[in-house]
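Structure file coords.tsv; described as TSV, N, CA and C atoms.
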chain	number	residue	atom	x	y	z
Z	287	MET	N	-17.69	-2.16	3.11
Z	287	MET	CA	-16.49	-1.34	3.06
Z	287	MET	C	-15.47	-1.87	4.06
Z	288	ALA	N	-14.21	-1.71	3.74
Z	288	ALA	CA	-13.15	-2.22	4.61
Z	288	ALA	C	-13.16	-1.48	5.94
Z	289	ASP	N	-12.83	-2.19	6.99
Z	289	ASP	CA	-12.75	-1.60	8.31
Z	289	ASP	C	-11.45	-0.82	8.42
Z	290	VAL	N	-11.55	0.47	8.65
Z	290	VAL	CA	-10.36	1.30	8.77
Z	290	VAL	C	-10.27	1.92	10.16
Z	291	SER	N	-10.76	1.18	11.14
Z	291	SER	CA	-10.85	1.73	12.49
Z	291	SER	C	-9.49	1.94	13.15
Z	292	THR	N	-8.48	1.21	12.75
Z	292	THR	CA	-7.17	1.40	13.36
Z	292	THR	C	-6.08	1.49	12.31
Z	293	ASN	N	-5.00	2.14	12.69
Z	293	ASN	CA	-3.85	2.26	11.80
Z	293	ASN	C	-3.26	0.89	11.50
Z	294	ARG	N	-3.31	0.00	12.49
Z	294	ARG	CA	-2.75	-1.35	12.33
Z	294	ARG	C	-3.48	-2.09	11.23
Z	295	ASN	N	-4.79	-1.92	11.12
Z	295	ASN	CA	-5.55	-2.59	10.07
Z	295	ASN	C	-5.06	-2.16	8.69
Z	296	VAL	N	-4.85	-0.87	8.50
Z	296	VAL	CA	-4.39	-0.37	7.21
Z	296	VAL	C	-3.01	-0.94	6.90
Z	297	GLU	N	-2.13	-0.89	7.88
Z	297	GLU	CA	-0.77	-1.41	7.65
Z	297	GLU	C	-0.81	-2.90	7.32
Z	298	ASP	N	-1.58	-3.67	8.08
Z	298	ASP	CA	-1.67	-5.11	7.83
Z	298	ASP	C	-2.27	-5.39	6.46
Z	299	ASP	N	-3.30	-4.64	6.09
Z	299	ASP	CA	-3.95	-4.84	4.79
Z	299	ASP	C	-2.99	-4.53	3.63
Z	300	VAL	N	-2.31	-3.40	3.73
Z	300	VAL	CA	-1.38	-3.01	2.65
Z	300	VAL	C	-0.22	-3.99	2.59
Z	301	ARG	N	0.30	-4.39	3.74
Z	301	ARG	CA	1.39	-5.38	3.76
Z	301	ARG	C	0.95	-6.68	3.09
Z	302	ALA	N	-0.27	-7.11	3.38
Z	302	ALA	CA	-0.79	-8.35	2.78
Z	302	ALA	C	-0.93	-8.22	1.26
Z	303	LEU	N	-1.41	-7.06	0.80
Z	303	LEU	CA	-1.54	-6.84	-0.64
Z	303	LEU	C	-0.17	-6.87	-1.33
Z	304	VAL	N	0.79	-6.18	-0.74
Z	304	VAL	CA	2.14	-6.15	-1.30
Z	304	VAL	C	2.73	-7.56	-1.33
Z	305	ALA	N	2.57	-8.28	-0.24
Z	305	ALA	CA	3.11	-9.64	-0.15
Z	305	ALA	C	2.48	-10.56	-1.20
Z	306	GLU	N	1.18	-10.42	-1.39
Z	306	GLU	CA	0.48	-11.26	-2.36
Z	306	GLU	C	1.02	-11.00	-3.78
Z	307	ILE	N	1.18	-9.75	-4.12
Z	307	ILE	CA	1.63	-9.40	-5.47
Z	307	ILE	C	3.10	-9.76	-5.66
Z	308	LEU	N	3.90	-9.62	-4.62
Z	308	LEU	CA	5.32	-9.99	-4.70
Z	308	LEU	C	5.54	-11.48	-4.49
Z	309	GLU	N	4.46	-12.18	-4.15
Z	309	GLU	CA	4.51	-13.62	-3.87
Z	309	GLU	C	5.54	-13.95	-2.81
Z	310	THR	N	5.38	-13.28	-1.66
Z	310	THR	CA	6.27	-13.49	-0.53
Z	310	THR	C	5.48	-13.48	0.77
Z	311	ASP	N	6.11	-13.86	1.84
Z	311	ASP	CA	5.49	-13.86	3.16
Z	311	ASP	C	5.38	-12.41	3.66
Z	312	PRO	N	4.21	-12.00	4.15
Z	312	PRO	CA	4.08	-10.63	4.67
Z	312	PRO	C	5.11	-10.28	5.73
Z	313	LYS	N	5.54	-11.27	6.50
Z	313	LYS	CA	6.53	-11.03	7.55
Z	313	LYS	C	7.89	-10.64	6.98
Z	314	GLN	N	8.11	-10.93	5.70
Z	314	GLN	CA	9.38	-10.61	5.05
Z	314	GLN	C	9.45	-9.16	4.57
Z	315	ILE	N	8.35	-8.43	4.68
Z	315	ILE	CA	8.30	-7.05	4.18
Z	315	ILE	C	8.43	-6.10	5.37
Z	316	SER	N	9.61	-5.50	5.50
Z	316	SER	CA	9.79	-4.53	6.58
Z	316	SER	C	9.16	-3.21	6.19
Z	317	ALA	N	8.81	-2.43	7.18
Z	317	ALA	CA	8.08	-1.18	6.95
Z	317	ALA	C	8.86	-0.17	6.12
Z	318	ASP	N	10.19	-0.22	6.20
Z	318	ASP	CA	10.99	0.77	5.47
Z	318	ASP	C	11.76	0.18	4.29
Z	319	ALA	N	11.48	-1.06	3.91
Z	319	ALA	CA	12.14	-1.67	2.75
Z	319	ALA	C	11.65	-0.98	1.48
Z	320	HIS	N	12.60	-0.55	0.65
Z	320	HIS	CA	12.26	0.11	-0.61
Z	320	HIS	C	11.66	-0.92	-1.55
Z	321	PHE	N	10.48	-0.60	-2.09
Z	321	PHE	CA	9.76	-1.55	-2.94
Z	321	PHE	C	10.59	-2.03	-4.12
Z	322	VAL	N	11.26	-1.13	-4.80
Z	322	VAL	CA	12.01	-1.50	-6.01
Z	322	VAL	C	13.39	-2.04	-5.66
Z	323	LYS	N	14.16	-1.25	-4.91
Z	323	LYS	CA	15.56	-1.62	-4.61
Z	323	LYS	C	15.68	-2.85	-3.71
Z	324	ASP	N	14.84	-2.93	-2.68
Z	324	ASP	CA	14.97	-4.02	-1.71
Z	324	ASP	C	14.08	-5.23	-2.01
Z	325	LEU	N	12.90	-4.97	-2.59
Z	325	LEU	CA	11.94	-6.06	-2.77
Z	325	LEU	C	11.79	-6.50	-4.23
Z	326	GLY	N	12.42	-5.78	-5.15
Z	326	GLY	CA	12.39	-6.19	-6.56
Z	326	GLY	C	11.07	-5.93	-7.26
Z	327	MET	N	10.29	-4.98	-6.77
Z	327	MET	CA	9.01	-4.67	-7.39
Z	327	MET	C	9.25	-3.97	-8.73
Z	328	ASP	N	8.45	-4.33	-9.74
Z	328	ASP	CA	8.53	-3.62	-11.01
Z	328	ASP	C	7.30	-2.72	-11.15
Z	329	SER	N	7.26	-1.95	-12.23
Z	329	SER	CA	6.18	-0.96	-12.39
Z	329	SER	C	4.81	-1.61	-12.51
Z	330	MET	N	4.73	-2.76	-13.14
Z	330	MET	CA	3.43	-3.44	-13.25
Z	330	MET	C	2.94	-3.90	-11.88
Z	331	MET	N	3.84	-4.40	-11.06
Z	331	MET	CA	3.47	-4.81	-9.70
Z	331	MET	C	2.99	-3.61	-8.89
Z	332	ALA	N	3.68	-2.48	-9.05
Z	332	ALA	CA	3.30	-1.27	-8.33
Z	332	ALA	C	1.89	-0.83	-8.72
Z	333	LEU	N	1.60	-0.85	-10.00
Z	333	LEU	CA	0.26	-0.48	-10.46
Z	333	LEU	C	-0.80	-1.44	-9.94
Z	334	GLU	N	-0.46	-2.71	-9.88
Z	334	GLU	CA	-1.39	-3.71	-9.36
Z	334	GLU	C	-1.68	-3.47	-7.88
Z	335	ILE	N	-0.65	-3.12	-7.13
Z	335	ILE	CA	-0.82	-2.83	-5.70
Z	335	ILE	C	-1.70	-1.61	-5.52
Z	336	LEU	N	-1.43	-0.55	-6.28
Z	336	LEU	CA	-2.23	0.67	-6.17
Z	336	LEU	C	-3.68	0.41	-6.53
Z	337	ALA	N	-3.90	-0.35	-7.59
Z	337	ALA	CA	-5.28	-0.68	-7.99
Z	337	ALA	C	-5.98	-1.50	-6.90
Z	338	SER	N	-5.25	-2.41	-6.28
Z	338	SER	CA	-5.83	-3.22	-5.20
Z	338	SER	C	-6.19	-2.38	-3.99
Z	339	ILE	N	-5.33	-1.42	-3.66
Z	339	ILE	CA	-5.61	-0.52	-2.53
Z	339	ILE	C	-6.85	0.32	-2.83
Z	340	GLU	N	-6.91	0.87	-4.04
Z	340	GLU	CA	-8.06	1.69	-4.42
Z	340	GLU	C	-9.36	0.88	-4.35
Z	341	LYS	N	-9.30	-0.34	-4.82
Z	341	LYS	CA	-10.49	-1.19	-4.81
Z	341	LYS	C	-10.89	-1.55	-3.38
Z	342	LYS	N	-9.91	-1.95	-2.56
Z	342	LYS	CA	-10.20	-2.39	-1.20
Z	342	LYS	C	-10.84	-1.28	-0.37
Z	343	TYR	N	-10.29	-0.08	-0.47
Z	343	TYR	CA	-10.75	1.03	0.35
Z	343	TYR	C	-11.72	1.98	-0.37
Z	344	ARG	N	-12.00	1.67	-1.63
Z	344	ARG	CA	-12.90	2.52	-2.43
Z	344	ARG	C	-12.46	3.96	-2.42
Z	345	ILE	N	-11.17	4.16	-2.76
Z	345	ILE	CA	-10.59	5.49	-2.82
Z	345	ILE	C	-9.94	5.68	-4.19
Z	346	VAL	N	-9.60	6.93	-4.47
Z	346	VAL	CA	-8.83	7.24	-5.67
Z	346	VAL	C	-7.52	7.85	-5.20
Z	347	ILE	N	-6.42	7.26	-5.65
Z	347	ILE	CA	-5.11	7.77	-5.29
Z	347	ILE	C	-4.70	8.78	-6.36
Z	348	PRO	N	-4.45	10.03	-5.97
Z	348	PRO	CA	-4.08	11.04	-6.96
Z	348	PRO	C	-2.78	10.68	-7.68
Z	349	GLU	N	-2.74	10.99	-8.96
Z	349	GLU	CA	-1.58	10.65	-9.78
Z	349	GLU	C	-0.29	11.26	-9.23
Z	350	GLU	N	-0.38	12.46	-8.67
Z	350	GLU	CA	0.82	13.12	-8.15
Z	350	GLU	C	1.38	12.42	-6.91
Z	351	ALA	N	0.59	11.56	-6.28
Z	351	ALA	CA	1.06	10.82	-5.10
Z	351	ALA	C	1.82	9.55	-5.47
Z	352	LEU	N	1.69	9.10	-6.70
Z	352	LEU	CA	2.28	7.82	-7.10
Z	352	LEU	C	3.78	7.72	-6.86
Z	353	PRO	N	4.59	8.74	-7.17
Z	353	PRO	CA	6.04	8.60	-6.92
Z	353	PRO	C	6.41	8.46	-5.45
Z	354	GLN	N	5.49	8.79	-4.56
Z	354	GLN	CA	5.76	8.69	-3.12
Z	354	GLN	C	5.58	7.28	-2.57
Z	355	PHE	N	5.00	6.39	-3.34
Z	355	PHE	CA	4.77	5.01	-2.90
Z	355	PHE	C	6.06	4.21	-3.06
Z	356	THR	N	7.00	4.44	-2.15
Z	356	THR	CA	8.31	3.79	-2.27
Z	356	THR	C	8.55	2.70	-1.24
Z	357	ASN	N	7.79	2.74	-0.13
Z	357	ASN	CA	7.92	1.69	0.89
Z	357	ASN	C	6.60	1.57	1.64
Z	358	LEU	N	6.53	0.60	2.52
Z	358	LEU	CA	5.28	0.33	3.24
Z	358	LEU	C	4.86	1.51	4.11
Z	359	ASN	N	5.81	2.10	4.83
Z	359	ASN	CA	5.48	3.23	5.70
Z	359	ASN	C	4.84	4.37	4.93
Z	360	LYS	N	5.46	4.76	3.83
Z	360	LYS	CA	4.94	5.88	3.04
Z	360	LYS	C	3.59	5.53	2.42
Z	361	THR	N	3.45	4.31	1.95
Z	361	THR	CA	2.20	3.88	1.33
Z	361	THR	C	1.06	3.91	2.34
Z	362	VAL	N	1.30	3.36	3.51
Z	362	VAL	CA	0.28	3.34	4.57
Z	362	VAL	C	-0.09	4.77	4.97
Z	363	SER	N	0.89	5.64	5.10
Z	363	SER	CA	0.65	7.03	5.47
Z	363	SER	C	-0.24	7.73	4.45
Z	364	ILE	N	0.05	7.55	3.17
Z	364	ILE	CA	-0.75	8.17	2.11
Z	364	ILE	C	-2.17	7.62	2.13
Z	365	VAL	N	-2.31	6.32	2.26
Z	365	VAL	CA	-3.64	5.71	2.28
Z	365	VAL	C	-4.44	6.24	3.47
Z	366	LYS	N	-3.82	6.32	4.63
Z	366	LYS	CA	-4.52	6.82	5.82
Z	366	LYS	C	-4.94	8.28	5.62
Z	367	ASP	N	-4.08	9.09	5.01
Z	367	ASP	CA	-4.43	10.49	4.74
Z	367	ASP	C	-5.66	10.57	3.83
Z	368	ILE	N	-5.67	9.78	2.79
Z	368	ILE	CA	-6.80	9.78	1.85
Z	368	ILE	C	-8.07	9.33	2.55
Z	369	LEU	N	-7.96	8.31	3.39
Z	369	LEU	CA	-9.13	7.80	4.11
Z	369	LEU	C	-9.66	8.86	5.10
Z	370	GLN	N	-8.77	9.59	5.75
Z	370	GLN	CA	-9.20	10.64	6.68
Z	370	GLN	C	-9.96	11.73	5.94
Z	371	LYS	N	-9.49	12.11	4.76
Z	371	LYS	CA	-10.14	13.15	3.97
Z	371	LYS	C	-11.49	12.70	3.46
Z	372	LYS	N	-11.64	11.38	3.31
Z	372	LYS	CA	-12.88	10.81	2.77
Z	372	LYS	C	-14.02	10.88	3.78
Z	373	LYS	N	-13.68	10.90	5.08
Z	373	LYS	CA	-14.70	10.87	6.13
Z	373	LYS	C	-15.59	12.08	6.10

How would this structure read if it were set down as structure tokens?
Amino acid sequence: MADVSTNRNVEDDVRALVAEILETDPKQISADAHFVKDLGMDSMMALEILASIEKKYRIVIPEEALPQFTNLNKTVSIVKDILQKKK
């Protein structure tokens, strides 16, 4: 299972997943950059990122949370909340 001992790990992991799918350098993704407006993410990329997060952390992201995945900060916050509830 993925190590979720620190908030930094989650942020770094999610940033790396987003960067991989967007085919960009992780350093180019600011924490508050809007995935669609600023980074050019499309719906298929978003689904791929969510599936990757679910697989990496062995979690299920509720469907009602999907519209909230608009930037790195919000995504990391939601993932951390789900991981806390899983403990």

### Task
Quick one: everything within 8 Å of Gly326 in chain Z, counting only N, CA and C atoms, minus sequence neighbours fewer than 5 positions away in the same chain. Send it as a VMD selection string.
chain Z and resid 308 320 to 321

### Task
Could you please determine the separation between atom C of Ala305 in chain Z and CA of Asp328 in chain Z in Å, to one decimal place?
13.5 Å

### Task
Have a look at atom C of Val365 in chain Z and atom C of Arg301 in chain Z and let me know their distance in Å, one decimal.
14.0 Å

### Message
List as a ChimeraX atom specification the protein and nucleic acid residues near range 331-333 of chain Z, meaning an atom at most 10 Å away when only C-alpha atoms are counted, but skip any in the same chain fewer than 5 places from it.
### Response
/Z:304,307-308,321-322,326,338-339,352,355-356

### Message
Report, in Å to a single decimal, how far apart CA of Leu358 in chain Z and CA of Ser316 in chain Z are.
### Response
7.4 Å

Listed atoms of range 335-338 of chain Z boxed along x, y and z, 3 Å each side, centre and edge lengths in Å, one decimal, as JSON:
{"center_x": -3.4, "center_y": -1.3, "center_z": -6.0, "size_x": 11.5, "size_y": 9.9, "size_z": 10.0}

### Task
Name the closest residue to Ile347 in chain Z among the candidates Z:Asp298, Z:Ile364, Z:Thr310, Z:Ile315; distances are taken between atoms, counting all atoms listed in the file.
Z:Ile364
